[in-house]
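**Q** File name start_28.cif; file contents mmCIF, C-alpha atoms and all ligand atoms; full text below.
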```
data_target
#
loop_
_atom_site.group_PDB
_atom_site.id
_atom_site.type_symbol
_atom_site.label_atom_id
_atom_site.label_comp_id
_atom_site.auth_asym_id
_atom_site.auth_seq_id
_atom_site.Cartn_x
_atom_site.Cartn_y
_atom_site.Cartn_z
ATOM 1 C CA MET E 1 76.080 91.489 71.873
ATOM 2 C CA ARG E 2 79.602 92.759 72.424
ATOM 3 C CA PRO E 3 80.350 93.998 75.951
ATOM 4 C CA LYS E 4 80.392 97.802 76.291
ATOM 5 C CA ILE E 5 83.587 99.295 77.674
ATOM 6 C CA LEU E 6 84.139 102.836 78.910
ATOM 7 C CA VAL E 7 87.691 104.201 78.752
ATOM 8 C CA THR E 8 88.054 107.245 80.969
ATOM 9 C CA ARG E 9 91.294 108.688 79.539
ATOM 10 C CA LYS E 10 93.324 108.488 76.335
ATOM 11 C CA LEU E 11 95.219 105.197 76.020
ATOM 12 C CA SER E 12 98.097 104.384 73.696
ATOM 13 C CA ASP E 13 96.714 104.109 70.134
ATOM 14 C CA LEU E 14 97.561 100.435 69.704
ATOM 15 C CA ALA E 15 95.694 99.513 72.859
ATOM 16 C CA GLU E 16 92.613 101.449 71.748
ATOM 17 C CA GLU E 17 92.712 99.697 68.374
ATOM 18 C CA LYS E 18 92.951 96.300 70.051
ATOM 19 C CA LEU E 19 90.051 97.068 72.382
ATOM 20 C CA LYS E 20 87.819 98.249 69.530
ATOM 21 C CA LYS E 21 88.239 94.935 67.697
ATOM 22 C CA LYS E 22 86.412 92.961 70.395
ATOM 23 C CA PHE E 23 84.246 95.410 72.296
ATOM 24 C CA ASP E 24 81.861 98.336 71.871
ATOM 25 C CA VAL E 25 84.036 101.080 73.187
ATOM 26 C CA GLN E 26 83.596 104.670 74.325
ATOM 27 C CA LEU E 27 87.046 106.227 74.175
ATOM 28 C CA ASN E 28 88.125 109.586 75.546
ATOM 29 C CA LEU E 29 90.195 110.814 72.624
ATOM 30 C CA SER E 30 90.263 114.411 73.891
ATOM 31 C CA ASP E 31 91.690 113.127 77.206
ATOM 32 C CA ILE E 32 89.703 115.761 79.080
ATOM 33 C CA PRO E 33 89.041 114.258 82.536
ATOM 34 C CA ILE E 34 85.438 113.206 83.048
ATOM 35 C CA LYS E 35 83.999 115.024 86.064
ATOM 36 C CA ASP E 36 83.042 112.799 89.017
ATOM 37 C CA GLU E 37 79.296 113.404 88.689
ATOM 38 C CA LYS E 38 79.290 112.690 84.959
ATOM 39 C CA LEU E 39 81.363 109.544 85.404
ATOM 40 C CA ILE E 40 78.901 108.197 87.968
ATOM 41 C CA LYS E 41 76.043 108.972 85.589
ATOM 42 C CA ILE E 42 77.474 107.335 82.454
ATOM 43 C CA ALA E 43 79.238 104.374 84.099
ATOM 44 C CA ASN E 44 75.958 102.499 84.477
ATOM 45 C CA ASN E 45 75.729 102.139 80.695
ATOM 46 C CA PHE E 46 78.819 99.937 80.523
ATOM 47 C CA ASP E 47 79.823 96.353 81.316
ATOM 48 C CA GLY E 48 83.440 97.249 82.018
ATOM 49 C CA MET E 49 85.653 100.246 82.441
ATOM 50 C CA ILE E 50 89.304 101.156 81.935
ATOM 51 C CA SER E 51 90.251 103.715 84.553
ATOM 52 C CA THR E 52 93.327 105.653 85.636
ATOM 53 C CA GLY E 53 94.602 106.929 88.956
ATOM 54 C CA TRP E 54 93.049 110.306 88.152
ATOM 55 C CA ASP E 55 89.479 108.964 88.329
ATOM 56 C CA ASN E 56 87.773 109.274 91.655
ATOM 57 C CA LEU E 57 86.322 105.805 92.214
ATOM 58 C CA GLY E 58 85.599 106.080 95.912
ATOM 59 C CA ASN E 59 82.674 104.800 97.897
ATOM 60 C CA ASN E 60 80.344 107.386 96.390
ATOM 61 C CA PHE E 61 81.012 106.132 92.868
ATOM 62 C CA PHE E 62 80.252 102.511 93.754
ATOM 63 C CA LYS E 63 77.123 103.411 95.731
ATOM 64 C CA LYS E 64 75.493 104.680 92.560
ATOM 65 C CA LEU E 65 76.426 101.700 90.349
ATOM 66 C CA ASP E 66 73.542 99.421 89.496
ATOM 67 C CA HIS E 67 75.386 96.123 88.968
ATOM 68 C CA LYS E 68 76.013 96.413 85.212
ATOM 69 C CA ILE E 69 79.754 97.057 85.462
ATOM 70 C CA LYS E 70 81.582 93.819 86.191
ATOM 71 C CA ILE E 71 85.214 94.857 85.902
ATOM 72 C CA ILE E 72 87.320 97.990 86.384
ATOM 73 C CA SER E 73 90.705 97.649 84.760
ATOM 74 C CA GLN E 74 93.020 100.340 86.099
ATOM 75 C CA VAL E 75 95.923 101.635 84.010
ATOM 76 C CA GLY E 76 98.479 101.932 86.797
ATOM 77 C CA VAL E 77 100.045 99.868 89.497
ATOM 78 C CA GLY E 78 98.542 102.054 92.255
ATOM 79 C CA TYR E 79 94.806 101.883 92.924
ATOM 80 C CA ASP E 80 94.397 104.135 95.940
ATOM 81 C CA ASN E 81 91.754 106.090 93.973
ATOM 82 C CA ILE E 82 89.484 103.016 94.076
ATOM 83 C CA SER E 83 87.451 101.897 97.078
ATOM 84 C CA ILE E 84 88.430 98.238 97.111
ATOM 85 C CA LYS E 85 85.971 97.530 99.913
ATOM 86 C CA SER E 86 83.058 98.878 97.840
ATOM 87 C CA ALA E 87 84.240 96.997 94.744
ATOM 88 C CA LYS E 88 84.274 93.771 96.753
ATOM 89 C CA GLU E 89 80.802 94.440 98.124
ATOM 90 C CA LYS E 90 79.478 95.003 94.610
ATOM 91 C CA LYS E 91 81.444 91.985 93.323
ATOM 92 C CA ILE E 92 83.274 94.106 90.767
ATOM 93 C CA LYS E 93 86.682 92.823 89.700
ATOM 94 C CA ILE E 94 89.575 95.271 89.940
ATOM 95 C CA THR E 95 92.795 94.785 88.003
ATOM 96 C CA ASN E 96 95.959 96.895 87.743
ATOM 97 C CA THR E 97 99.191 96.999 85.703
ATOM 98 C CA PRO E 98 102.129 96.007 87.895
ATOM 99 C CA ASN E 99 105.671 95.146 86.760
ATOM 100 C CA VAL E 100 105.689 96.873 83.383
ATOM 101 C CA LEU E 101 106.560 100.218 84.976
ATOM 102 C CA ASN E 102 109.331 99.115 87.348
ATOM 103 C CA GLU E 103 112.123 100.349 85.102
ATOM 104 C CA SER E 104 110.604 103.714 84.206
ATOM 105 C CA VAL E 105 109.789 104.570 87.823
ATOM 106 C CA ALA E 106 113.305 103.516 88.814
ATOM 107 C CA GLU E 107 114.694 105.823 86.113
ATOM 108 C CA ILE E 108 112.758 108.795 87.469
ATOM 109 C CA THR E 109 113.876 107.909 91.003
ATOM 110 C CA ILE E 110 117.523 108.004 89.931
ATOM 111 C CA LEU E 111 116.883 111.258 88.085
ATOM 112 C CA LEU E 112 115.440 112.779 91.279
ATOM 113 C CA ILE E 113 118.361 111.476 93.358
ATOM 114 C CA LEU E 114 120.846 113.066 90.983
ATOM 115 C CA ALA E 115 118.907 116.267 90.375
ATOM 116 C CA ALA E 116 118.242 116.956 94.044
ATOM 117 C CA SER E 117 121.755 116.215 95.238
ATOM 118 C CA ARG E 118 123.550 117.932 92.337
ATOM 119 C CA ARG E 119 121.279 121.015 92.435
ATOM 120 C CA ALA E 120 119.954 120.609 88.898
ATOM 121 C CA VAL E 121 117.211 123.243 89.225
ATOM 122 C CA GLU E 122 119.556 125.917 90.469
ATOM 123 C CA GLY E 123 122.062 125.119 87.736
ATOM 124 C CA PHE E 124 119.365 125.115 85.072
ATOM 125 C CA ASN E 125 117.961 128.422 86.294
ATOM 126 C CA LEU E 126 121.432 129.976 86.405
ATOM 127 C CA VAL E 127 122.011 129.154 82.742
ATOM 128 C CA ARG E 128 118.471 130.036 81.625
ATOM 129 C CA SER E 129 118.548 133.403 83.368
ATOM 130 C CA TYR E 130 121.869 134.194 81.658
ATOM 131 C CA LYS E 131 123.468 134.860 85.050
ATOM 132 C CA TRP E 132 126.118 132.157 84.700
ATOM 133 C CA LYS E 133 128.528 134.722 83.257
ATOM 134 C CA ASP E 134 128.205 136.795 86.454
ATOM 135 C CA THR E 135 128.895 133.837 88.731
ATOM 136 C CA PRO E 136 132.487 133.461 89.953
ATOM 137 C CA PRO E 137 133.841 129.911 89.600
ATOM 138 C CA ASP E 138 134.416 129.597 93.319
ATOM 139 C CA ILE E 139 135.861 126.079 93.605
ATOM 140 C CA PRO E 140 134.505 125.047 96.988
ATOM 141 C CA LYS E 141 131.241 127.009 96.689
ATOM 142 C CA THR E 142 129.662 127.650 93.308
ATOM 143 C CA MET E 143 126.902 125.180 92.526
ATOM 144 C CA ILE E 144 128.473 122.638 94.829
ATOM 145 C CA GLY E 145 126.220 119.701 95.632
ATOM 146 C CA ASN E 146 126.583 116.338 97.335
ATOM 147 C CA SER E 147 128.050 113.281 95.632
ATOM 148 C CA VAL E 148 125.850 110.266 95.110
ATOM 149 C CA THR E 149 128.484 107.623 94.459
ATOM 150 C CA GLY E 150 129.130 105.305 97.373
ATOM 151 C CA LYS E 151 126.392 106.803 99.564
ATOM 152 C CA THR E 152 123.715 104.911 101.489
ATOM 153 C CA LEU E 153 120.247 104.688 99.995
ATOM 154 C CA GLY E 154 117.418 103.746 102.355
ATOM 155 C CA ILE E 155 114.434 102.271 100.548
ATOM 156 C CA ILE E 156 111.039 102.367 102.212
ATOM 157 C CA GLY E 157 109.034 99.558 100.610
ATOM 158 C CA MET E 158 111.167 96.935 98.901
ATOM 159 C CA GLY E 159 108.625 95.654 96.382
ATOM 160 C CA ARG E 160 109.251 95.293 92.678
ATOM 161 C CA ILE E 161 109.887 99.002 92.101
ATOM 162 C CA GLY E 162 112.009 99.394 95.239
ATOM 163 C CA ARG E 163 114.180 96.490 94.148
ATOM 164 C CA MET E 164 114.596 97.918 90.644
ATOM 165 C CA VAL E 165 115.698 101.225 92.194
ATOM 166 C CA ALA E 166 118.218 99.308 94.327
ATOM 167 C CA LYS E 167 119.555 97.606 91.223
ATOM 168 C CA CYS E 168 120.016 100.914 89.364
ATOM 169 C CA ALA E 169 121.511 102.648 92.428
ATOM 170 C CA LYS E 170 124.207 99.990 92.578
ATOM 171 C CA ALA E 171 125.608 101.460 89.347
ATOM 172 C CA PHE E 172 126.609 104.364 91.607
ATOM 173 C CA ALA E 173 128.085 101.965 94.155
ATOM 174 C CA MET E 174 125.334 102.944 96.572
ATOM 175 C CA LYS E 175 124.921 100.860 99.689
ATOM 176 C CA ILE E 176 121.305 99.679 99.944
ATOM 177 C CA ILE E 177 119.385 99.423 103.189
ATOM 178 C CA TYR E 178 115.635 98.946 103.414
ATOM 179 C CA TYR E 179 112.565 99.056 105.591
ATOM 180 C CA ASN E 180 109.700 96.759 104.655
ATOM 181 C CA ARG E 181 106.826 95.003 106.391
ATOM 182 C CA ASN E 182 108.691 91.729 105.952
ATOM 183 C CA LYS E 183 112.312 90.795 105.479
ATOM 184 C CA LEU E 184 112.902 89.583 101.935
ATOM 185 C CA SER E 185 114.570 86.322 100.967
ATOM 186 C CA GLU E 186 118.346 86.605 100.555
ATOM 187 C CA ASN E 187 117.920 86.264 96.851
ATOM 188 C CA LEU E 188 115.532 89.236 96.585
ATOM 189 C CA GLU E 189 117.528 91.269 99.120
ATOM 190 C CA ASP E 190 120.576 90.993 96.896
ATOM 191 C CA GLY E 191 122.904 92.297 99.583
ATOM 192 C CA ALA E 192 120.589 94.989 101.000
ATOM 193 C CA LYS E 193 120.419 95.319 104.786
ATOM 194 C CA TYR E 194 116.967 94.970 106.381
ATOM 195 C CA PHE E 195 115.531 97.162 109.156
ATOM 196 C CA SER E 196 112.333 96.029 110.828
ATOM 197 C CA ASP E 197 111.950 99.495 112.374
ATOM 198 C CA ILE E 198 112.084 102.552 110.134
ATOM 199 C CA LYS E 199 113.351 104.627 113.060
ATOM 200 C CA ASN E 200 116.561 102.625 113.148
ATOM 201 C CA MET E 201 117.112 102.947 109.404
ATOM 202 C CA LEU E 202 116.593 106.678 108.910
ATOM 203 C CA PRO E 203 119.704 107.906 110.805
ATOM 204 C CA GLU E 204 121.832 105.793 108.421
ATOM 205 C CA CYS E 205 120.358 107.228 105.199
ATOM 206 C CA ASP E 206 122.171 109.658 102.929
ATOM 207 C CA PHE E 207 119.173 109.268 100.649
ATOM 208 C CA VAL E 208 115.765 107.863 101.511
ATOM 209 C CA SER E 209 113.331 106.870 98.763
ATOM 210 C CA ILE E 210 109.693 105.872 99.226
ATOM 211 C CA HIS E 211 108.227 102.981 97.218
ATOM 212 C CA THR E 212 105.207 101.871 99.223
ATOM 213 C CA PRO E 213 101.594 101.879 98.074
ATOM 214 C CA ALA E 214 99.302 104.513 99.619
ATOM 215 C CA THR E 215 97.558 102.799 102.534
ATOM 216 C CA PRO E 216 96.448 103.933 105.994
ATOM 217 C CA GLU E 217 99.694 102.393 107.352
ATOM 218 C CA THR E 218 101.945 104.368 105.006
ATOM 219 C CA LYS E 219 100.132 107.705 105.367
ATOM 220 C CA HIS E 220 102.686 110.293 106.541
ATOM 221 C CA ILE E 221 105.347 107.646 106.997
ATOM 222 C CA LEU E 222 107.686 110.611 106.707
ATOM 223 C CA ASN E 223 106.444 113.088 109.299
ATOM 224 C CA SER E 224 108.117 115.534 111.674
ATOM 225 C CA SER E 225 109.209 112.778 114.023
ATOM 226 C CA THR E 226 110.651 110.432 111.365
ATOM 227 C CA ILE E 227 112.185 113.278 109.336
ATOM 228 C CA SER E 228 113.964 114.494 112.484
ATOM 229 C CA LEU E 229 115.874 111.178 112.512
ATOM 230 C CA LEU E 230 117.493 111.851 109.126
ATOM 231 C CA PRO E 231 121.024 113.276 108.986
ATOM 232 C CA LYS E 232 121.336 116.936 108.007
ATOM 233 C CA HIS E 233 122.781 116.008 104.602
ATOM 234 C CA ALA E 234 119.946 113.578 103.773
ATOM 235 C CA VAL E 235 117.895 113.791 100.586
ATOM 236 C CA VAL E 236 114.242 112.658 100.537
ATOM 237 C CA ILE E 237 112.896 111.114 97.317
ATOM 238 C CA ASN E 238 109.277 110.247 96.580
ATOM 239 C CA THR E 239 107.917 108.549 93.465
ATOM 240 C CA SER E 240 105.166 106.585 95.236
ATOM 241 C CA ARG E 241 102.223 108.662 96.436
ATOM 242 C CA GLY E 242 102.046 112.109 98.031
ATOM 243 C CA SER E 243 100.135 110.817 101.035
ATOM 244 C CA THR E 244 103.270 109.081 102.355
ATOM 245 C CA ILE E 245 104.706 112.493 103.281
ATOM 246 C CA ASP E 246 103.438 115.104 105.714
ATOM 247 C CA ASP E 247 103.976 118.253 103.619
ATOM 248 C CA ASP E 248 104.212 120.598 106.616
ATOM 249 C CA ALA E 249 106.966 118.484 108.121
ATOM 250 C CA LEU E 250 108.986 118.114 104.914
ATOM 251 C CA ILE E 251 108.674 121.768 103.932
ATOM 252 C CA GLU E 252 109.714 122.880 107.421
ATOM 253 C CA ALA E 253 112.759 120.594 107.278
ATOM 254 C CA LEU E 254 113.737 121.872 103.819
ATOM 255 C CA GLU E 255 113.191 125.535 104.711
ATOM 256 C CA ASN E 256 115.260 125.280 107.846
ATOM 257 C CA LYS E 257 117.941 123.107 106.239
ATOM 258 C CA LYS E 258 117.275 120.267 108.655
ATOM 259 C CA ILE E 259 117.808 118.021 105.641
ATOM 260 C CA TYR E 260 119.713 118.801 102.454
ATOM 261 C CA ALA E 261 117.152 118.428 99.676
ATOM 262 C CA ALA E 262 114.140 116.599 98.272
ATOM 263 C CA GLY E 263 113.211 115.196 94.866
ATOM 264 C CA LEU E 264 109.475 114.677 94.439
ATOM 265 C CA ASP E 265 107.404 113.281 91.580
ATOM 266 C CA VAL E 266 104.190 112.838 93.587
ATOM 267 C CA PHE E 267 102.213 115.121 95.883
ATOM 268 C CA ASN E 268 99.237 115.376 98.133
ATOM 269 C CA ASN E 269 96.260 116.807 96.270
ATOM 270 C CA GLU E 270 97.752 116.504 92.765
ATOM 271 C CA PRO E 271 97.958 118.547 90.617
ATOM 272 C CA ASN E 272 97.333 121.296 93.162
ATOM 273 C CA LEU E 273 100.482 120.662 95.152
ATOM 274 C CA ASP E 274 101.447 122.752 98.146
ATOM 275 C CA LYS E 275 102.890 125.912 96.547
ATOM 276 C CA ARG E 276 105.539 126.263 99.240
ATOM 277 C CA TYR E 277 107.482 123.498 97.471
ATOM 278 C CA LEU E 278 107.925 125.777 94.476
ATOM 279 C CA LYS E 279 109.769 128.413 96.498
ATOM 280 C CA LEU E 280 112.448 126.013 97.659
ATOM 281 C CA ASP E 281 115.756 125.856 95.795
ATOM 282 C CA ASN E 282 116.507 122.569 97.510
ATOM 283 C CA CYS E 283 113.410 120.834 96.175
ATOM 284 C CA PHE E 284 113.331 119.309 92.689
ATOM 285 C CA VAL E 285 109.773 118.647 91.544
ATOM 286 C CA LEU E 286 108.236 116.717 88.646
ATOM 287 C CA PRO E 287 104.561 116.287 87.640
ATOM 288 C CA HIS E 288 103.983 112.588 88.461
ATOM 289 C CA ILE E 289 105.785 111.205 85.411
ATOM 290 C CA GLY E 290 107.259 108.042 86.920
ATOM 291 C CA SER E 291 105.675 105.770 84.325
ATOM 292 C CA ALA E 292 105.573 108.326 81.515
ATOM 293 C CA THR E 293 107.586 106.760 78.711
ATOM 294 C CA HIS E 294 106.166 105.648 75.345
ATOM 295 C CA GLU E 295 107.200 102.079 76.033
ATOM 296 C CA THR E 296 105.782 101.883 79.547
ATOM 297 C CA ARG E 297 102.499 103.634 78.837
ATOM 298 C CA LEU E 298 101.964 101.317 75.861
ATOM 299 C CA ALA E 299 102.669 98.275 78.026
ATOM 300 C CA MET E 300 100.338 99.569 80.752
ATOM 301 C CA SER E 301 97.560 100.323 78.250
ATOM 302 C CA MET E 302 97.932 96.889 76.654
ATOM 303 C CA MET E 303 97.836 95.142 80.008
ATOM 304 C CA ALA E 304 94.665 97.001 80.968
ATOM 305 C CA VAL E 305 93.044 95.984 77.675
ATOM 306 C CA ASP E 306 94.228 92.386 78.091
ATOM 307 C CA ASN E 307 92.692 92.228 81.559
ATOM 308 C CA ILE E 308 89.357 93.276 80.039
ATOM 309 C CA TYR E 309 89.775 90.728 77.255
ATOM 310 C CA CYS E 310 90.564 87.913 79.704
ATOM 311 C CA PHE E 311 87.636 88.774 81.917
ATOM 312 C CA PHE E 312 85.032 88.705 79.166
ATOM 313 C CA ASN E 313 86.564 85.546 77.687
ATOM 314 C CA LYS E 314 86.563 83.779 81.045
ATOM 315 C CA LYS E 315 90.355 83.467 81.085
ATOM 316 C CA PRO E 316 92.547 84.018 84.187
ATOM 317 C CA LEU E 317 93.155 87.714 84.744
ATOM 318 C CA ILE E 318 96.707 88.935 84.278
ATOM 319 C CA SER E 319 96.808 91.048 87.411
ATOM 320 C CA GLU E 320 93.871 90.848 89.746
ATOM 321 C CA VAL E 321 93.602 93.153 92.753
ATOM 322 C CA VAL E 322 90.232 91.803 93.973
HETATM 323 C C1 LIG T 401 100.906 104.142 88.876
HETATM 324 O O1 LIG T 401 101.021 103.237 88.052
HETATM 325 O O2 LIG T 401 100.291 104.001 89.930
HETATM 326 C C2 LIG T 401 101.533 105.432 88.523
HETATM 327 O O3 LIG T 401 101.666 106.258 89.606
HETATM 328 C C3 LIG T 401 100.709 106.093 87.437
HETATM 329 O O4 LIG T 401 101.563 106.735 86.576
#
```
Represent the structure from my file as structure tokens, please.
Ligand code: DGY
**A**
Amino acid sequence: MRPKILVTRKLSDLAEEKLKKKFDVQLNLSDIPIKDEKLIKIANNFDGMISTGWDNLGNNFFKKLDHKIKIISQVGVGYDNISIKSAKEKKIKITNTPNVLNESVAEITILLILAASRRAVEGFNLVRSYKWKDTPPDIPKTMIGNSVTGKTLGIIGMGRIGRMVAKCAKAFAMKIIYYNRNKLSENLEDGAKYFSDIKNMLPECDFVSIHTPATPETKHILNSSTISLLPKHAVVINTSRGSTIDDDALIEALENKKIYAAGLDVFNNEPNLDKRYLKLDNCFVLPHIGSATHETRLAMSMMAVDNIYCFFNKKPLISEVV
């Protein structure tokens, strides 16, 4: 009998085709999210599952599993939606899709850096509202933003994505500094300056970009006390997870011009982000599209399928979390 695999969201077509060749598969071609209660109910019919960060696989989900599911293969590098402790207790393997999205997340990070500092939303709205013609070309004032070239970028979390961002930022001659649990080897640092204490790094940042996973340690890593250490012209960028930022603190700083701007691709409580962000001209927002390119989503989907394939063929997993 072929193992039965549940796929909770639409994958890239090629990956679905590949999966169907070897397994009995329930796809979600409509891509309508499966409600938590329904997911818990149907999951017990399957030997494995391909999940995404939008599925709520917390403690409650695992409690109701009756030992049929052996592997959950997440499409995504982040797995903060999964209770790893419960998975371990139930001896369920968890895999993710690291590496293949480094470039696309770095691209969105650079886009946010540029858009937030060069006031892309205001410029776009000016043109779209047909008010450009009424705007005097005031040389030192009209639509004036902050330059990016040659500025200092502070990276919080210098993993694979953080390092790819550093590499791209160097095209703008940015000086890279970073805060990380551990100092990297000289080779991986590639000229970046290490800070063992985030509080010492923040005052030096023209831009600060978060690239840590969502963990209890990184929750609200930017809060009122750390944000207060940033210079007034600083720009905050987040493409990691919303939980790394205390919304009240960031919104207060943006409203009162305690910092210059923010560029955010991720939020607390997605997709129901704090609406106050939408009222701010100095905040450029995107709907969590860091990995959303054809190439990257295909690579992520394929890796998730390959992890399932390896597991059921007793081969080493490509990217094992636990
Ligand atoms: C990830 O891989 O964790 C991304 O945030 C999903 O797009």
**Q** Skipping near chain neighbours, those fewer than 6 positions away, what residues fall within 6 Å of E:Leu153 using only C-alpha atoms, listed as a PDB file with C-alpha atoms, keeping the file's coordinate frame?
**A**
```
ATOM      1  CA  ILE E 176     121.305  99.679  99.944  1.00  0.00           C
ATOM      2  CA  CYS E 205     120.358 107.228 105.199  1.00  0.00           C
ATOM      3  CA  PHE E 207     119.173 109.268 100.649  1.00  0.00           C
ATOM      4  CA  VAL E 208     115.765 107.863 101.511  1.00  0.00           C
TER       5      VAL E 208
END
```
**Q** For ligand LIG 401 (chain T), return the neighbouring residues as a ChimeraX atom specification (distance at most 8 Å; all atoms listed in the file).
**A** /E:52-53,75-79,97-98,101,239-241,288-292
**Q** Write out, as a short mmCIF file (atom, residue, chain, number, x, y, z; two decimals), keeping the file's coordinate frame, the residues just selected, with C-alpha atoms.
**A**
```
data_model
loop_
_atom_site.label_atom_id
_atom_site.label_comp_id
_atom_site.auth_asym_id
_atom_site.auth_seq_id
_atom_site.Cartn_x
_atom_site.Cartn_y
_atom_site.Cartn_z
CA THR E 52 93.33 105.65 85.64
CA GLY E 53 94.60 106.93 88.96
CA VAL E 75 95.92 101.64 84.01
CA GLY E 76 98.48 101.93 86.80
CA VAL E 77 100.04 99.87 89.50
CA GLY E 78 98.54 102.05 92.26
CA TYR E 79 94.81 101.88 92.92
CA THR E 97 99.19 97.00 85.70
CA PRO E 98 102.13 96.01 87.90
CA LEU E 101 106.56 100.22 84.98
CA THR E 239 107.92 108.55 93.46
CA SER E 240 105.17 106.58 95.24
CA ARG E 241 102.22 108.66 96.44
CA HIS E 288 103.98 112.59 88.46
CA ILE E 289 105.78 111.20 85.41
CA GLY E 290 107.26 108.04 86.92
CA SER E 291 105.68 105.77 84.32
CA ALA E 292 105.57 108.33 81.52
#
```
**Q** Starting from the displayed file, determine the output of the PyMOL selection byres (((chain E and resi 34) around 12) and not hetatm) and express the residue list as number ranges by chain.
**A** E: 6-10, 27-33, 35-43, 51-52, 54-57
**Q** What does the file look like for those residues with C-alpha atoms, as a PDB file, in the frame of the given file?
**A**
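Contents of part34.pdb, freshly written:
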```pdb
ATOM      1  CA  LEU E   6      84.139 102.836  78.910  1.00  0.00           C
ATOM      2  CA  VAL E   7      87.691 104.201  78.752  1.00  0.00           C
ATOM      3  CA  THR E   8      88.054 107.245  80.969  1.00  0.00           C
ATOM      4  CA  ARG E   9      91.294 108.688  79.539  1.00  0.00           C
ATOM      5  CA  LYS E  10      93.324 108.488  76.335  1.00  0.00           C
ATOM      6  CA  LEU E  27      87.046 106.227  74.175  1.00  0.00           C
ATOM      7  CA  ASN E  28      88.125 109.586  75.546  1.00  0.00           C
ATOM      8  CA  LEU E  29      90.195 110.814  72.624  1.00  0.00           C
ATOM      9  CA  SER E  30      90.263 114.411  73.891  1.00  0.00           C
ATOM     10  CA  ASP E  31      91.690 113.127  77.206  1.00  0.00           C
ATOM     11  CA  ILE E  32      89.703 115.761  79.080  1.00  0.00           C
ATOM     12  CA  PRO E  33      89.041 114.258  82.536  1.00  0.00           C
ATOM     13  CA  LYS E  35      83.999 115.024  86.064  1.00  0.00           C
ATOM     14  CA  ASP E  36      83.042 112.799  89.017  1.00  0.00           C
ATOM     15  CA  GLU E  37      79.296 113.404  88.689  1.00  0.00           C
ATOM     16  CA  LYS E  38      79.290 112.690  84.959  1.00  0.00           C
ATOM     17  CA  LEU E  39      81.363 109.544  85.404  1.00  0.00           C
ATOM     18  CA  ILE E  40      78.901 108.197  87.968  1.00  0.00           C
ATOM     19  CA  LYS E  41      76.043 108.972  85.589  1.00  0.00           C
ATOM     20  CA  ILE E  42      77.474 107.335  82.454  1.00  0.00           C
ATOM     21  CA  ALA E  43      79.238 104.374  84.099  1.00  0.00           C
ATOM     22  CA  SER E  51      90.251 103.715  84.553  1.00  0.00           C
ATOM     23  CA  THR E  52      93.327 105.653  85.636  1.00  0.00           C
ATOM     24  CA  TRP E  54      93.049 110.306  88.152  1.00  0.00           C
ATOM     25  CA  ASP E  55      89.479 108.964  88.329  1.00  0.00           C
ATOM     26  CA  ASN E  56      87.773 109.274  91.655  1.00  0.00           C
ATOM     27  CA  LEU E  57      86.322 105.805  92.214  1.00  0.00           C
TER      28      LEU E  57
END
```
**Q** Enumerate, as a PyMOL selection string, the residues matched when the PyMOL selection byres (((chain E and resi 86-95) around 10) and not hetatm) is run on the file above.
**A** chain E and resi 48-51+57-63+65-77+79+82-85+96-98+303-304+307-308+311+317-322
**Q** In Å, rounded to a single decimal, give me how far atom CA of E:Lys183 is from atom CA of E:Ser117.
**A**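 These atoms are spaced 29.0 Å apart.
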**Q** So, counting all atoms listed in the file, which residue among E:Ala173, E:Leu286, E:Val127, E:Val305 is closest to E:Lys22?
**A**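 Looking only at the distances to E:Lys22, the closest residue turns out to be E:Val305.
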**Q** Output the residue selection produced by the PyMOL selection byres (((chain E and resi 247) around 9) and not hetatm) on the file above, formatted as a JSON list (two decimals) with C-alpha atoms, in the coordinates of the input.
**A**
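Generated output (result.json):
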```
[["chain", "number", "residue", "atom", "x", "y", "z"],
["E", 220, "HIS", "CA", 102.69, 110.29, 106.54],
["E", 223, "ASN", "CA", 106.44, 113.09, 109.30],
["E", 242, "GLY", "CA", 102.05, 112.11, 98.03],
["E", 243, "SER", "CA", 100.14, 110.82, 101.04],
["E", 245, "ILE", "CA", 104.71, 112.49, 103.28],
["E", 246, "ASP", "CA", 103.44, 115.10, 105.71],
["E", 248, "ASP", "CA", 104.21, 120.60, 106.62],
["E", 249, "ALA", "CA", 106.97, 118.48, 108.12],
["E", 250, "LEU", "CA", 108.99, 118.11, 104.91],
["E", 251, "ILE", "CA", 108.67, 121.77, 103.93],
["E", 252, "GLU", "CA", 109.71, 122.88, 107.42],
["E", 267, "PHE", "CA", 102.21, 115.12, 95.88],
["E", 268, "ASN", "CA", 99.24, 115.38, 98.13],
["E", 274, "ASP", "CA", 101.45, 122.75, 98.15],
["E", 277, "TYR", "CA", 107.48, 123.50, 97.47]]
```
**Q** When distances are computed from all atoms listed in the file, which of E:Ile155, E:Ile5, E:Ala120, E:Ile139 shows the smallest separation from E:Lys21?
**A**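 Closest residue, counting all atoms listed in the file: E:Ile5.
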**Q** Between atom CA of E:Thr109 and atom CA of E:Leu264, what is the spacing in Å?
**A** 8.8 Å
**Q** If you measure from atom CA of E:Glu17 to atom CA of E:Glu103, what distance in Å do you get, rounded to one decimal?
**A**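 Between these atoms lies a distance of 25.6 Å.
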**Q** When distances are computed from all atoms listed in the file, which of E:Leu229, E:Leu273, E:Ile108, E:Val266 shows the smallest separation from E:Ala214?
**A**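 Looking only at the distances to E:Ala214, the closest residue turns out to be E:Val266.
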**Q** Of the candidates E:Tyr309, E:Phe124, E:Phe172, E:Phe284, which shows the shortest atom-to-atom distance to E:Arg2, using all atoms listed in the file?
**A**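 Ranking E:Tyr309, E:Phe124, E:Phe172, E:Phe284 by distance to E:Arg2, first place goes to E:Tyr309.
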